[in-house]
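For reference, target27.txt (compact mmCIF, C-alpha atoms):
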```txt
# COMPACT_ATOMS: atom_id res chain seq x y z
CA MET A 3 83.61 99.23 57.51
CA LYS A 4 83.81 95.58 58.65
CA ASN A 5 85.63 96.56 61.83
CA ARG A 6 82.95 99.15 62.57
CA ILE A 7 80.20 96.56 62.11
CA ILE A 8 82.03 94.13 64.39
CA THR A 9 82.44 96.86 67.02
CA ILE A 10 78.74 97.74 66.85
CA VAL A 11 77.73 94.09 67.19
CA ILE A 12 79.99 93.52 70.21
CA PHE A 13 78.78 96.74 71.81
CA ALA A 14 75.14 95.74 71.24
CA VAL A 15 75.72 92.31 72.80
CA ALA A 16 77.47 93.88 75.78
CA ILE A 17 74.64 96.41 76.29
CA LEU A 18 72.07 93.61 76.01
CA ALA A 19 73.89 91.52 78.60
CA CYS A 20 74.09 94.49 80.99
CA CYS A 21 70.41 95.33 80.55
CA LEU A 22 69.43 91.73 81.21
CA ALA A 23 71.62 91.61 84.30
CA VAL A 24 70.06 94.82 85.64
CA ALA A 25 66.55 93.58 84.87
CA PHE A 26 67.28 90.28 86.58
CA SER A 27 68.67 91.93 89.70
CA PHE A 28 65.68 94.28 90.02
CA PHE A 29 62.76 92.06 89.14
CA SER A 30 63.62 88.46 89.98
CA PHE A 31 64.01 88.65 93.78
CA ASP A 32 62.54 90.27 96.81
CA ALA A 33 65.66 91.09 98.85
CA ASP A 34 63.75 90.77 102.14
CA LYS A 35 62.91 87.14 101.30
CA LYS A 36 66.31 86.09 100.00
CA VAL A 37 66.90 83.64 102.87
CA GLU A 38 63.48 82.02 102.38
CA TYR A 39 64.13 81.79 98.64
CA ILE A 40 67.45 80.00 99.15
CA GLN A 41 65.94 77.62 101.69
CA THR A 42 63.04 76.80 99.38
CA GLN A 43 65.36 76.12 96.46
CA GLU A 44 67.59 73.87 98.56
CA VAL A 45 64.56 71.84 99.59
CA ARG A 46 63.13 71.83 96.06
CA ALA A 47 66.43 70.51 94.67
CA GLN A 48 66.31 67.37 96.82
CA SER A 49 62.67 67.02 97.76
CA PRO A 50 60.37 68.80 95.29
CA GLU A 51 57.44 66.80 96.65
CA GLN A 52 57.82 68.56 100.01
CA VAL A 53 57.44 72.00 98.45
CA ALA A 54 54.57 70.72 96.32
CA GLU A 55 52.75 69.32 99.37
CA LEU A 56 53.17 72.60 101.24
CA GLN A 57 51.83 74.53 98.24
CA THR A 58 48.72 72.33 97.95
CA ALA A 59 48.07 71.70 101.65
CA THR A 60 44.94 73.08 103.22
CA LEU A 61 44.67 74.24 106.82
CA GLU A 62 42.91 70.95 107.57
CA SER A 63 45.68 68.77 106.04
CA LEU A 64 48.56 70.98 107.23
CA PRO A 65 49.14 69.21 110.60
CA SER A 66 49.69 65.83 108.91
CA VAL A 67 52.13 67.38 106.40
CA ILE A 68 54.09 69.03 109.23
CA GLU A 69 54.22 65.79 111.22
CA LYS A 70 55.34 63.81 108.16
CA TYR A 71 58.33 66.00 107.38
CA GLN A 72 59.30 66.59 111.00
CA LYS A 73 59.64 62.84 111.35
CA GLU A 74 61.51 62.53 108.05
CA ASN A 75 63.94 65.32 108.97
CA GLN A 76 64.62 63.70 112.33
CA GLU A 77 65.48 60.41 110.61
CA ARG A 78 67.73 62.18 108.13
CA ASN A 79 69.42 64.07 110.95
CA ASP A 80 70.12 60.79 112.76
CA ASN A 81 71.66 59.36 109.59
CA LEU A 82 73.69 62.54 109.13
CA LYS A 83 75.46 61.91 112.43
CA GLY A 84 76.98 58.78 110.89
CA VAL A 85 78.17 60.76 107.85
CA GLN A 86 79.66 63.40 110.13
CA MET A 87 81.50 60.74 112.10
CA GLU A 88 82.95 59.27 108.88
CA LYS A 89 83.99 62.78 107.80
CA ASP A 90 85.71 63.46 111.11
CA ILE A 91 87.49 60.09 111.03
CA LEU A 92 88.82 60.72 107.53
CA TYR A 93 89.92 64.23 108.48
CA THR A 94 91.88 62.89 111.45
CA TYR A 95 93.37 60.13 109.30
CA LEU A 96 94.43 62.66 106.65
CA GLN A 97 96.16 64.77 109.31
CA ASP A 98 98.05 61.66 110.42
CA LEU A 99 99.20 60.97 106.88
CA LYS A 100 100.12 64.58 106.08
CA ASN A 101 102.26 64.81 109.22
CA LEU A 102 104.39 61.87 108.14
CA ASP A 103 107.88 62.33 106.71
CA GLU A 104 110.83 60.13 105.93
CA ASN A 105 111.87 60.15 109.58
CA ASN A 106 108.63 59.03 111.23
CA PHE A 107 106.98 56.98 108.44
CA GLU A 108 108.37 53.62 109.53
CA ALA A 109 107.48 54.22 113.19
CA TYR A 110 103.89 55.14 112.26
CA LYS A 111 103.62 52.09 110.01
CA ALA A 112 104.80 49.82 112.83
CA LYS A 113 102.16 51.23 115.20
CA PHE A 114 99.44 51.43 112.53
CA PRO A 115 97.54 48.27 113.59
CA GLU A 116 97.02 49.75 117.04
CA ARG A 117 96.28 53.23 115.67
CA SER A 118 93.81 51.97 113.05
CA ALA A 119 91.93 49.85 115.59
CA GLY A 120 91.00 52.96 117.56
CA LEU A 121 90.69 55.39 114.66
CA PHE A 122 88.45 53.26 112.45
CA ALA A 123 86.50 51.55 115.24
CA LYS A 124 83.24 53.20 114.12
CA SER A 125 84.04 53.57 110.42
CA GLU A 126 82.08 51.64 107.80
CA ASN A 127 85.18 51.51 105.58
CA LYS A 128 87.75 50.33 108.10
CA GLN A 129 88.98 47.41 105.99
CA LYS A 130 89.42 49.61 102.93
CA TYR A 131 91.71 52.10 104.66
CA VAL A 132 93.64 49.49 106.63
CA GLU A 133 94.39 47.49 103.49
CA GLY A 134 95.14 50.70 101.59
CA PHE A 135 97.78 51.88 104.03
CA ASN A 136 99.25 48.40 104.36
CA GLY A 137 99.82 48.55 100.61
CA VAL A 138 102.01 51.67 101.02
CA ASN A 139 105.43 50.09 101.35
CA THR A 140 107.64 53.18 101.29
CA TYR A 141 107.34 56.86 102.07
CA LYS A 142 107.62 57.65 98.35
CA ASP A 143 104.38 55.76 97.73
CA LEU A 144 102.52 57.74 100.37
CA GLU A 145 101.70 60.79 98.25
CA GLY A 146 99.50 58.85 95.83
CA TYR A 147 97.65 57.19 98.69
CA ILE A 148 97.03 60.55 100.40
CA GLU A 149 95.42 61.80 97.19
CA GLU A 150 93.06 58.81 97.20
CA VAL A 151 92.07 59.37 100.82
CA ASN A 152 91.65 63.09 100.20
CA LYS A 153 89.22 62.37 97.34
CA ASP A 154 87.17 60.17 99.66
CA TYR A 155 87.20 62.87 102.33
CA THR A 156 86.13 65.57 99.85
CA ALA A 157 83.23 63.43 98.63
CA VAL A 158 82.06 62.61 102.17
CA LYS A 159 82.38 66.24 103.25
CA GLN A 160 80.41 67.45 100.22
CA ASN A 161 77.64 64.96 100.87
CA TYR A 162 77.58 65.97 104.53
CA LEU A 163 77.29 69.69 103.70
CA ILE A 164 74.55 69.09 101.13
CA GLU A 165 72.49 66.99 103.53
CA ARG A 166 73.09 69.35 106.45
CA ASN A 167 71.96 72.36 104.42
CA TYR A 168 68.91 70.48 103.20
CA ILE A 169 67.84 69.47 106.72
CA LYS A 170 68.40 73.01 107.97
CA SER A 171 66.34 74.52 105.13
CA SER A 172 63.62 71.88 105.38
CA ASN A 173 63.28 72.45 109.12
CA ALA A 174 63.02 76.19 108.50
CA LEU A 175 60.10 75.72 106.10
CA ILE A 176 58.33 73.20 108.31
CA ASN A 177 58.86 75.32 111.43
CA LYS A 178 57.36 78.33 109.67
CA ALA A 179 54.38 76.22 108.61
CA ALA A 180 54.07 74.97 112.20
CA MET A 181 54.10 78.53 113.57
CA ILE A 182 51.29 79.45 111.21
CA ASN A 183 49.36 76.33 112.17
CA ASP A 184 49.71 77.16 115.89
CA ASN A 185 48.20 80.63 115.45
CA ALA A 186 45.11 80.98 117.65
CA SER A 187 43.38 83.40 115.30
CA ALA A 188 41.61 81.58 112.47
CA SER A 189 41.63 84.63 110.18
CA LYS A 190 45.32 85.35 110.88
CA LYS A 191 46.18 81.70 110.27
CA ALA A 192 44.33 81.70 106.93
CA SER A 193 45.95 84.92 105.70
CA ASP A 194 49.46 83.90 106.79
CA TRP A 195 49.11 80.48 105.18
CA GLU A 196 47.91 82.00 101.92
CA ALA A 197 50.88 84.42 101.93
CA PHE A 198 53.28 81.55 102.66
CA GLN A 199 51.95 79.48 99.76
CA ASN A 200 52.09 82.51 97.46
CA ASP A 201 55.74 82.97 98.40
CA LEU A 202 56.51 79.34 97.54
CA GLY A 203 54.90 79.82 94.14
CA SER A 204 56.75 83.07 93.45
CA PHE A 205 60.04 81.46 94.46
CA GLY A 206 59.47 78.77 91.83
CA LYS A 207 58.83 81.41 89.17
CA SER A 208 61.96 83.32 90.23
CA ALA A 209 64.01 80.12 89.94
CA LYS A 210 62.75 79.57 86.39
CA LEU A 211 63.61 83.17 85.55
CA GLN A 212 67.06 82.71 87.04
CA ASN A 213 67.64 79.58 84.94
CA PHE A 214 66.54 81.52 81.84
CA PHE A 215 69.04 84.31 82.49
CA ILE A 216 71.81 81.81 83.20
CA LEU A 217 71.05 79.99 79.95
CA LEU A 218 70.98 83.27 78.09
CA THR A 219 74.32 84.21 79.62
CA TYR A 220 75.80 80.94 78.43
CA VAL A 221 74.44 81.53 74.92
CA LEU A 222 75.87 85.05 74.80
CA GLY A 223 79.16 83.83 76.23
CA LEU A 224 79.49 80.96 73.78
CA GLY A 225 78.48 83.23 70.90
CA ALA A 226 81.07 85.80 71.91
CA ALA A 227 83.71 83.09 72.30
CA PHE A 228 82.89 81.66 68.88
CA LEU A 229 83.13 85.07 67.20
CA MET A 230 86.35 85.80 69.06
CA VAL A 231 87.98 82.55 67.99
CA PHE A 232 86.69 82.96 64.43
CA PHE A 233 88.16 86.44 63.98
CA LEU A 234 91.35 85.46 65.77
CA LEU A 235 91.93 82.56 63.40
CA LYS A 236 91.01 84.70 60.41
CA ASN A 237 93.48 87.40 61.41
CA MET A 238 96.19 84.83 62.06
CA ILE A 239 95.78 83.48 58.54
CA THR A 240 95.59 86.86 56.78
CA ASN A 241 98.09 88.71 59.00
CA PHE A 242 100.49 86.10 60.29
CA LYS A 243 103.14 88.67 61.24
CA THR A 244 100.84 90.22 63.84
CA SER A 245 99.71 86.89 65.27
CA TYR A 246 101.65 87.51 68.48
CA LYS A 247 98.88 89.91 69.50
CA ILE A 248 96.38 87.12 69.07
CA LEU A 249 98.49 84.82 71.21
CA VAL A 250 98.54 87.49 73.92
CA GLY A 251 94.75 87.64 73.72
CA LEU A 252 94.50 83.86 74.10
CA LEU A 253 96.88 83.98 77.04
CA PHE A 254 94.66 86.61 78.63
CA LEU A 255 91.66 84.28 78.31
CA VAL A 256 93.59 81.41 79.86
CA VAL A 257 94.71 83.58 82.78
CA ALA A 258 91.15 84.87 83.32
CA PHE A 259 89.80 81.31 83.31
CA PHE A 260 92.50 80.17 85.74
CA ILE A 261 91.75 83.03 88.14
CA GLY A 262 88.03 82.27 87.88
CA TYR A 263 88.71 78.64 88.77
CA LEU A 264 90.82 79.60 91.80
CA VAL A 265 88.28 82.04 93.23
CA GLY A 266 85.28 79.87 92.35
CA THR A 267 83.54 78.11 95.20
CA PRO A 268 83.18 74.31 95.22
CA THR A 269 80.06 74.62 97.39
CA LEU A 270 77.19 73.55 95.18
CA SER A 271 74.12 75.70 94.64
CA PRO A 272 70.64 74.10 94.72
CA SER A 273 70.51 73.99 90.92
CA ALA A 274 73.98 72.44 90.76
CA ILE A 275 72.96 69.81 93.30
CA LYS A 276 69.86 69.02 91.25
CA ALA A 277 72.01 68.68 88.13
CA GLY A 278 74.31 66.22 89.92
CA MET A 279 77.43 68.34 89.49
CA THR A 280 80.65 67.73 91.40
CA GLY A 281 82.60 70.39 93.29
CA SER A 282 85.32 70.54 90.62
CA GLY A 283 82.75 70.69 87.83
CA TYR A 284 80.99 73.56 89.58
CA LYS A 285 84.31 75.42 89.86
CA MET A 286 84.73 74.99 86.10
CA VAL A 287 81.33 76.59 85.55
CA ASN A 288 82.30 79.45 87.87
CA ALA A 289 85.52 79.91 85.90
CA ALA A 290 83.64 80.02 82.60
CA VAL A 291 81.14 82.59 83.90
CA PHE A 292 83.95 84.68 85.40
CA THR A 293 85.76 84.64 82.03
CA VAL A 294 82.60 85.78 80.24
CA TYR A 295 82.15 88.66 82.69
CA VAL A 296 85.79 89.72 82.30
CA CYS A 297 85.54 89.60 78.51
CA LEU A 298 82.32 91.67 78.52
CA PHE A 299 83.86 94.19 80.91
CA VAL A 300 87.03 94.51 78.83
CA ALA A 301 84.95 94.78 75.64
CA ILE A 302 82.83 97.60 77.08
CA ILE A 303 85.86 99.50 78.39
CA SER A 304 87.68 99.04 75.07
CA ILE A 305 84.69 100.32 73.10
CA ILE A 306 84.25 103.36 75.35
CA VAL A 307 87.98 104.19 75.18
CA THR A 308 87.96 103.77 71.40
CA LEU A 309 84.93 106.04 70.99
CA ILE A 310 86.51 108.71 73.17
CA MET A 311 89.82 108.55 71.30
CA ASN A 312 88.05 108.73 67.93
CA ALA A 313 86.02 111.71 69.13
CA VAL A 314 89.19 113.52 70.25
CA LYS A 315 90.92 112.77 66.93
CA ASN A 316 87.93 114.00 64.92
CA ARG A 317 87.90 117.31 66.85
CA ASN A 318 91.58 117.82 66.12
```
In structure tokens, how does this file's structure come out?
Amino acid sequence: MKNRIITIVIFAVAILACCLAVAFSFFSFDADKKVEYIQTQEVRAQSPEQVAELQTATLESLPSVIEKYQKENQERNDNLKGVQMEKDILYTYLQDLKNLDENNFEAYKAKFPERSAGLFAKSENKQKYVEGFNGVNTYKDLEGYIEEVNKDYTAVKQNYLIERNYIKSSNALINKAAMINDNASASKKASDWEAFQNDLGSFGKSAKLQNFFILLTYVLGLGAAFLMVFFLLKNMITNFKTSYKILVGLLFLVVAFFIGYLVGTPTLSPSAIKAGMTGSGYKMVNAAVFTVYVCLFVAIISIIVTLIMNAVKNRN
């Protein structure tokens, strides 16, 4: 009886999760405006005041709003060129270091003053990397130093990608506003601007709905994980001889999490950027969500197979 209750509860949770996923996919987004939604959320994550000003701007105040953010985006784009240069310098430096071996390490170290003078000529962190490499006395010490430089490169690259995507998305919104503002027909301009502002508002509501579903997914996942661990521990205590099956189940979870981490993207979403997450932290979230999906899928398949087998046995 207890096992049947547990099965019914798991099946109900799985059905609920599937229904919520279907509802979310059908009602939260307009597929034709997916690109605009993503762009708006990227801008909202870093500059919510820009979206707010566009939502509240009138046709009379619109030109000043457009001019303000066109100027701001140009300044940010100029600053981004410096970040890109630092990224490219670190990438080249990393390739230098990774191409070293026991045979050419000493020769590279001897020529490093000349190499670093040209390589880091426009780098803001020249002294840091020159002193860092000078502290690498032997080839055996190089691996640890490469890891340090690689962390710096990953951070700079991530910041570059985030800023580049923001500027691209911000320009897209401002350019669309500018196109509407340049419309010669007053009635067409008014209707298009109203539709544009309505889209911005609906995108905000969709984002809130998305966050709700994500939170609900986490709650269901954590609840399922808690129940799973609880019953696993209970069975291990009461039926210690069959505990190997439980260990196999735990191993399955570990493997699923590991696969989820490998396939997870380190590219941050707008909500992840807003939350201040790192690339590795975001991959951990992806792994956790992937594990939840795998567990729900396996649970549904197991329940269906069990019901079919029980039905066949009852007929016989």
Residues within 12 Å of segment 78-86 of chain A, all atoms listed in the file, excluding chain neighbours under 2 positions, as JSON, numbers by chain: {"A": [71, 72, 73, 74, 75, 76, 88, 89, 90, 91, 92, 93, 124, 125, 126, 127, 155, 157, 158, 159, 160, 161, 162, 163, 164, 165, 166, 167, 168, 169, 170, 172, 173]}
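When the distance limit is 10 Å and all atoms listed in the file are what count, the residues near Asp194 of chain A, minus those fewer than 6 positions from it on the same chain, are A:Ala179, A:Met181, A:Ile182, A:Asn183, A:Asn185, A:Ala188, A:Asn200.
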Proximity to Val257 of chain A - best of A:Ser193, A:Thr240, A:Ser171, A:Thr293, only C-alpha atoms: A:Thr293
Atom pair atom CA of Thr267 of chain A / atom CA of Asn288 of chain A: separation (Å):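 Atom-to-atom, atom CA of Thr267 of chain A to atom CA of Asn288 of chain A, that is 7.6 Å.
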Given all atoms listed in the file as the counted atoms, nearest of A:Ala119, A:Ile310, A:Leu224, A:Val53 to Ile68 of chain A: A:Val53
Computed interatomic separation between atom CA of Leu218 of chain A and atom CA of Ile40 of chain A (Å):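 Separating atom CA of Leu218 of chain A from atom CA of Ile40 of chain A is a distance of 21.6 Å.
One distance worth recording is that between atom CA of Pro115 of chain A and atom CA of Gln129 of chain A, which is 11.5 Å.
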Point (98.7, 49.4, 107.2), cut-off 12 Å, counting all atoms listed in the file, residues as a list in words: Leu99, Phe107, Glu108, Ala109, Tyr110, Lys111, Ala112, Lys113, Phe114, Pro115, Glu116, Arg117, Ser118, Ala119, Lys128, Gln129, Lys130, Tyr131, Val132, Glu133, Gly134, Phe135, Asn136, Gly137, Val138, Asn139, Thr140, Leu144 and Tyr147 of chain A
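The smallest atom-to-atom distance between Trp195 of chain A and any of A:Met87, A:Ala174, A:Leu64, A:Phe299, using only C-alpha atoms, is found for A:Leu64.
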Proximity to Val45 of chain A - best of A:Ala186, A:Leu175, A:Cys297, A:Ile303, all atoms listed in the file: A:Leu175
Taking all atoms of segment 286-302 of chain A that appear in the file, build a box with edges along x, y and z, extend it by 4 Å on every side, and state its centre and edge lengths in Å to one decimal, as JSON.
```
{"center_x": 84.1, "center_y": 86.3, "center_z": 81.8, "size_x": 13.9, "size_y": 30.6, "size_z": 20.2}
```
Counting only C-alpha atoms, the option among A:Asn106, A:Gln97, A:Phe260, A:Leu202 closest to Pro50 of chain A: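 Under the stated criterion, the closest residue is A:Leu202.
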Nearest-residue call for Val67 of chain A, choices A:Ile176, A:Leu102, A:Leu253, A:Val296, using all atoms listed in the file: A:Ile176
